[in-house]
Amino acid sequence: MDAPAFIHTTVLLEETVDAVFTSPDGTYVDGTFGRGGHSRALLAKLGPQGRLIAFDKDPAAIAAAQSGPDAITDPRFQICHTSFANAVEALAEIGVHQVDGVMLDLGVSSPQIDDPERGFSFRFDGPLDMRMDTTRGETAAEFLARADERLIAQVIRDYGEERFAVSISKAIVARRASGNPPRTTAELAQLVAGAVKTREAGQNPATRTFQALRILVNAELEELEQGLKAALALLAPGGHLAVISFHSLEDRIVKTFIAHESREEIDRRAPFAPPSRALRLAPLGRIKPSEGEVRGNPRSRSAVLRVAERMRSALEEGA
């Protein structure tokens with residue numbers, strides 16, 4: 001039997017590609033390939049000398065890029081099976097040390113969400129996995145089977161912003177003590193529903209808990225911070241950074257990073273001395289999906305695109 005075809009609708013497609021594109025002959029990075037919507041659109045704008053290197057941790061995404069009916073055979077394209085957090089080292093191995101644009105589409109792709117075997121969604125019953133890279137690391141079920149009550153509550157509270165984190169953690173540990181820890185998405189969703197006292201209109205009570213476990217299992221926030229630093233290290237002066245976030249934790253990190261790098265640092269003890277840290281980014285804007293896009297793709301409703309340009313200061317030139 002053939003594997004099911006999962007459809008992915010790329011969010012903020014034209015806006016992201018237009019924001020990151022600066023030259024048809026430039027070298028660009030798609031740090032979160034997914035199913036390649038942004039990559040394909042950017043390739044269509046590149047000239048013969050242009051180049052695009054993509055990254056993804058998910059073996060299914062790598063396979064989709066390299067084989068099958070949707071494979072990208074364009075010689076200007078190549079893909080690396082690793083996190084974009086490792087981009088500096090991975091690009092150095094292929095002789096690339098500077099790029100003209102970096103785009104990051106954070107979060108989970110529709111094929112990951114819609115495949116029950118991946119365990120990302122409470123809408124489908126499947127193994128409680130949640131790993132983006134299925135070749136390594138601890139699954140969500142394995143974490144819930146070994147973590148203590150306090151740690152589980154901390155993860156659900158901090159990464160899911162869930163006010164009933166303690167109640168949910170107690171329910172998980174109590175079930176584990178009975179010899180039947182949650183191993184499937186349906187089991188966990190049912191546990192959470194019983195522990196959450198009130199529900200937000202239109203939101204499944206398990207939404208925040210699933211988000212928290214996914215972020216933990218994939219070290220998403222840590223990798224985002226590392227990936228933003230990698231982008232800054234790689235971008236050539238005038239190069240653009242474009243990042244799509246889907247929840248407040250991600251967006252806060254991106255917003256804070258751009259704001260921090262768009263300020264010069266002055267030593268208050270010597271206010272007339274030159275800045276001790278250069279201005280390295282210039283914010284170019286914040287873009288939300290249009291009403292039409294949200295109607296056509298409800299998953300885009302929480303997306304935020306932030307764009308910045310790499311600057312070159314006199315301080316860096318003298319370094």
# chains A, B, ... in the order shown; residues from 1 in each chain; ligands from 1

$ closest_atom_pairs --of "stretch 146-192 of chain A" --to "stretch 114-127 of chain A" --cutoff "7 Å" --atoms "only C-alpha atoms" --output "JSON lines"
{"residue": "A:Arg183", "atom": "CA", "partner": "A:Pro127", "partner_atom": "CA", "distance": 6.2}
{"residue": "A:Thr184", "atom": "CA", "partner": "A:Pro127", "partner_atom": "CA", "distance": 4.5}
{"residue": "A:Thr185", "atom": "CA", "partner": "A:Asp125", "partner_atom": "CA", "distance": 5.3}
{"residue": "A:Ala186", "atom": "CA", "partner": "A:Asp125", "partner_atom": "CA", "distance": 5.1}
{"residue": "A:Ala189", "atom": "CA", "partner": "A:Phe122", "partner_atom": "CA", "distance": 6.0}

$ residues_around --residues "A:Ile156" --least-positions-apart "6" --cutoff "6 Å" --atoms "only C-alpha atoms" --output "list in words"
Ala165, Thr209 and Ala212 of chain A

$ write_last_selection --atoms "C-alpha atoms" --output "JSON list (two decimals), in the first residue's frame"
[["chain", "number", "residue", "atom", "x", "y", "z"],
["A", 165, "ALA", "CA", 0.18, 22.30, 34.58],
["A", 209, "THR", "CA", 0.32, 20.31, 26.80],
["A", 212, "ALA", "CA", 4.95, 21.97, 25.52]]

$ residues_around --residues "A:Leu104" --least-positions-apart "6" --cutoff "10 Å" --atoms "only C-alpha atoms" --output "ChimeraX atom specification"
/A:16,29-33,38,55,84,224,227-228,231,241-245,305

$ select_by_dssp --residues "stretch 141-280 of chain A" --states "strand (DSSP E)" --output "PyMOL selection string"
chain A and resi 235-245

$ closest_residue --among "A:Ala54, A:Ile215, A:Val173, A:Ala201" --to "A:Arg131" --atoms "only C-alpha atoms"
A:Ile215

$ closest_atom_pairs --of "stretch 198-265 of chain A" --to "stretch 282-293 of chain A" --cutoff "8 Å" --atoms "only C-alpha atoms" --output "JSON lines"
{"residue": "A:Ile258", "atom": "CA", "partner": "A:Pro283", "partner_atom": "CA", "distance": 6.7}
{"residue": "A:Ala259", "atom": "CA", "partner": "A:Pro283", "partner_atom": "CA", "distance": 7.6}
{"residue": "A:Glu261", "atom": "CA", "partner": "A:Ala282", "partner_atom": "CA", "distance": 7.9}
{"residue": "A:Ser262", "atom": "CA", "partner": "A:Ala282", "partner_atom": "CA", "distance": 5.4}

$ closest_residue --among "A:Pro237, A:Val217, A:Val294, A:Ala308" --to "A:Lys255" --atoms "only C-alpha atoms"
A:Ala308

$ select_by_dssp --residues "stretch 45-121 of chain A" --states "alpha helix (DSSP H)" --output "NGL selection string"
:A and (59-66 or 87-93 or 110-114)

$ residues_around --residues "A:Leu42" --least-positions-apart "2" --cutoff "10 Å" --atoms "only C-alpha atoms" --output "list in words"
Leu13, Glu14, Thr16, Val17, Asp18, Val20, Phe21, Pro24, Tyr28, Val29, Asp30, Gly36, Gly37, His38, Ser39, Arg40, Ala44, Lys45, Leu46, Gly50, Arg51 and Leu52 of chain A

$ closest_residue --among "A:Arg176, A:Arg76, A:Arg252, A:His240" --to "A:Gly47" --atoms "only C-alpha atoms"
A:Arg76

$ atom_distance --atom1 "atom CA of A:Glu161" --atom2 "atom CA of A:Leu249"
9.0 Å

$ atom_distance --atom1 "atom CA of A:Glu225" --atom2 "atom CA of A:Ile253"
7.1 Å

$ residues_around --residues "A:Ile172" --least-positions-apart "6" --cutoff "12 Å" --atoms "only C-alpha atoms" --output "ChimeraX atom specification"
/A:141,143-153,156,165-166,178-183,187-195,209

$ write_last_selection --atoms "N, CA, C and O atoms" --output "compact mmCIF listing (two decimals), in the first residue's frame"
# COMPACT_ATOMS: atom_id res chain seq x y z
N ALA A 141 6.60 10.06 24.98
CA ALA A 141 6.19 8.97 25.88
C ALA A 141 7.33 8.58 26.81
O ALA A 141 7.11 8.33 28.01
N PHE A 143 9.80 10.49 27.83
CA PHE A 143 9.97 11.56 28.81
C PHE A 143 8.94 11.44 29.93
O PHE A 143 9.28 11.51 31.12
N LEU A 144 7.67 11.23 29.56
CA LEU A 144 6.60 11.13 30.56
C LEU A 144 6.76 9.89 31.43
O LEU A 144 6.28 9.85 32.57
N ALA A 145 7.44 8.88 30.92
CA ALA A 145 7.64 7.64 31.68
C ALA A 145 8.76 7.76 32.71
O ALA A 145 8.80 6.98 33.66
N ARG A 146 9.65 8.73 32.57
CA ARG A 146 10.80 8.79 33.50
C ARG A 146 10.89 10.08 34.30
O ARG A 146 11.53 10.12 35.34
N ALA A 147 10.23 11.17 33.85
CA ALA A 147 10.36 12.46 34.53
C ALA A 147 9.52 12.49 35.81
O ALA A 147 8.45 11.87 35.88
N ASP A 148 9.98 13.25 36.81
CA ASP A 148 9.19 13.34 38.03
C ASP A 148 8.08 14.38 37.86
O ASP A 148 8.05 15.14 36.87
N GLU A 149 7.17 14.40 38.82
CA GLU A 149 5.99 15.25 38.73
C GLU A 149 6.35 16.72 38.59
O GLU A 149 5.74 17.45 37.80
N ARG A 150 7.35 17.14 39.33
CA ARG A 150 7.74 18.56 39.30
C ARG A 150 8.27 18.96 37.93
O ARG A 150 7.93 20.04 37.42
N LEU A 151 9.10 18.12 37.33
CA LEU A 151 9.66 18.44 36.02
C LEU A 151 8.58 18.47 34.94
O LEU A 151 8.57 19.36 34.07
N ILE A 152 7.67 17.51 34.97
CA ILE A 152 6.59 17.49 33.98
C ILE A 152 5.76 18.77 34.09
O ILE A 152 5.43 19.40 33.08
N ALA A 153 5.43 19.16 35.32
CA ALA A 153 4.64 20.39 35.52
C ALA A 153 5.40 21.61 35.02
O ALA A 153 4.81 22.50 34.39
N ILE A 156 5.28 21.73 31.13
CA ILE A 156 3.95 22.09 30.62
C ILE A 156 3.64 23.55 30.91
O ILE A 156 3.04 24.25 30.08
N ALA A 165 -0.96 23.19 34.76
CA ALA A 165 0.18 22.30 34.58
C ALA A 165 0.34 21.33 35.74
O ALA A 165 0.63 20.14 35.55
N VAL A 166 0.15 21.79 36.96
CA VAL A 166 0.33 20.93 38.12
C VAL A 166 -0.72 19.82 38.14
O VAL A 166 -0.40 18.64 38.38
N SER A 178 0.03 3.53 38.27
CA SER A 178 -0.88 2.40 38.14
C SER A 178 -0.33 1.33 37.20
O SER A 178 -0.96 0.28 37.00
N GLY A 179 0.83 1.62 36.58
CA GLY A 179 1.45 0.67 35.66
C GLY A 179 1.03 0.85 34.22
O GLY A 179 1.36 0.02 33.37
N ASN A 180 0.34 1.96 33.92
CA ASN A 180 -0.15 2.18 32.56
C ASN A 180 0.11 3.63 32.14
O ASN A 180 -0.83 4.41 31.98
N PRO A 181 1.38 4.00 31.96
CA PRO A 181 1.68 5.39 31.56
C PRO A 181 1.12 5.70 30.18
O PRO A 181 0.93 4.78 29.37
N PRO A 182 0.83 6.95 29.88
CA PRO A 182 0.29 7.29 28.55
C PRO A 182 1.32 7.00 27.46
O PRO A 182 2.45 7.49 27.52
N ARG A 183 0.92 6.22 26.48
CA ARG A 183 1.82 5.86 25.38
C ARG A 183 1.30 6.35 24.03
O ARG A 183 2.02 6.26 23.03
N GLU A 187 -4.52 8.68 24.64
CA GLU A 187 -4.44 8.49 26.08
C GLU A 187 -4.03 9.77 26.79
O GLU A 187 -4.60 10.13 27.83
N LEU A 188 -3.06 10.47 26.23
CA LEU A 188 -2.61 11.71 26.86
C LEU A 188 -3.70 12.78 26.78
O LEU A 188 -3.96 13.49 27.76
N ALA A 189 -4.32 12.92 25.62
CA ALA A 189 -5.37 13.92 25.46
C ALA A 189 -6.52 13.68 26.43
O ALA A 189 -7.08 14.63 27.00
N GLN A 190 -6.87 12.43 26.64
CA GLN A 190 -7.94 12.10 27.58
C GLN A 190 -7.55 12.45 29.01
O GLN A 190 -8.36 12.99 29.79
N LEU A 191 -6.31 12.16 29.38
CA LEU A 191 -5.82 12.52 30.71
C LEU A 191 -5.88 14.02 30.93
O LEU A 191 -6.33 14.50 31.98
N VAL A 192 -5.41 14.77 29.95
CA VAL A 192 -5.39 16.23 30.08
C VAL A 192 -6.81 16.77 30.18
O VAL A 192 -7.10 17.65 31.01
N ALA A 193 -7.71 16.27 29.38
CA ALA A 193 -9.10 16.74 29.40
C ALA A 193 -9.72 16.56 30.78
O ALA A 193 -10.51 17.39 31.24
N GLY A 194 -9.34 15.48 31.47
CA GLY A 194 -9.86 15.24 32.81
C GLY A 194 -9.25 16.13 33.86
O GLY A 194 -9.83 16.34 34.94
N ALA A 195 -8.06 16.69 33.57
CA ALA A 195 -7.34 17.50 34.56
C ALA A 195 -7.55 18.99 34.39
O ALA A 195 -7.34 19.77 35.32
N THR A 209 -0.54 21.41 26.34
CA THR A 209 0.32 20.31 26.80
C THR A 209 1.07 19.69 25.63
O THR A 209 2.27 19.39 25.73

$ decode --residues "stretch 78-91 of chain A" --atoms "C-alpha atoms" --output "PDB file, in the first residue's frame"
ATOM      1  CA  GLN A  78      21.008  21.001  -2.026  1.00  0.00           C
ATOM      2  CA  ILE A  79      19.688  19.883   1.355  1.00  0.00           C
ATOM      3  CA  CYS A  80      21.382  18.900   4.619  1.00  0.00           C
ATOM      4  CA  HIS A  81      19.927  16.511   7.199  1.00  0.00           C
ATOM      5  CA  THR A  82      20.659  18.496  10.341  1.00  0.00           C
ATOM      6  CA  SER A  83      19.275  21.342  12.399  1.00  0.00           C
ATOM      7  CA  PHE A  84      19.863  24.877  11.203  1.00  0.00           C
ATOM      8  CA  ALA A  85      21.461  25.457  14.591  1.00  0.00           C
ATOM      9  CA  ASN A  86      24.454  23.629  13.050  1.00  0.00           C
ATOM     10  CA  ALA A  87      24.433  25.724   9.876  1.00  0.00           C
ATOM     11  CA  VAL A  88      27.785  27.444  10.305  1.00  0.00           C
ATOM     12  CA  GLU A  89      29.646  24.146  10.571  1.00  0.00           C
ATOM     13  CA  ALA A  90      27.538  22.358   7.951  1.00  0.00           C
ATOM     14  CA  LEU A  91      27.985  25.130   5.385  1.00  0.00           C
TER      15      LEU A  91
END
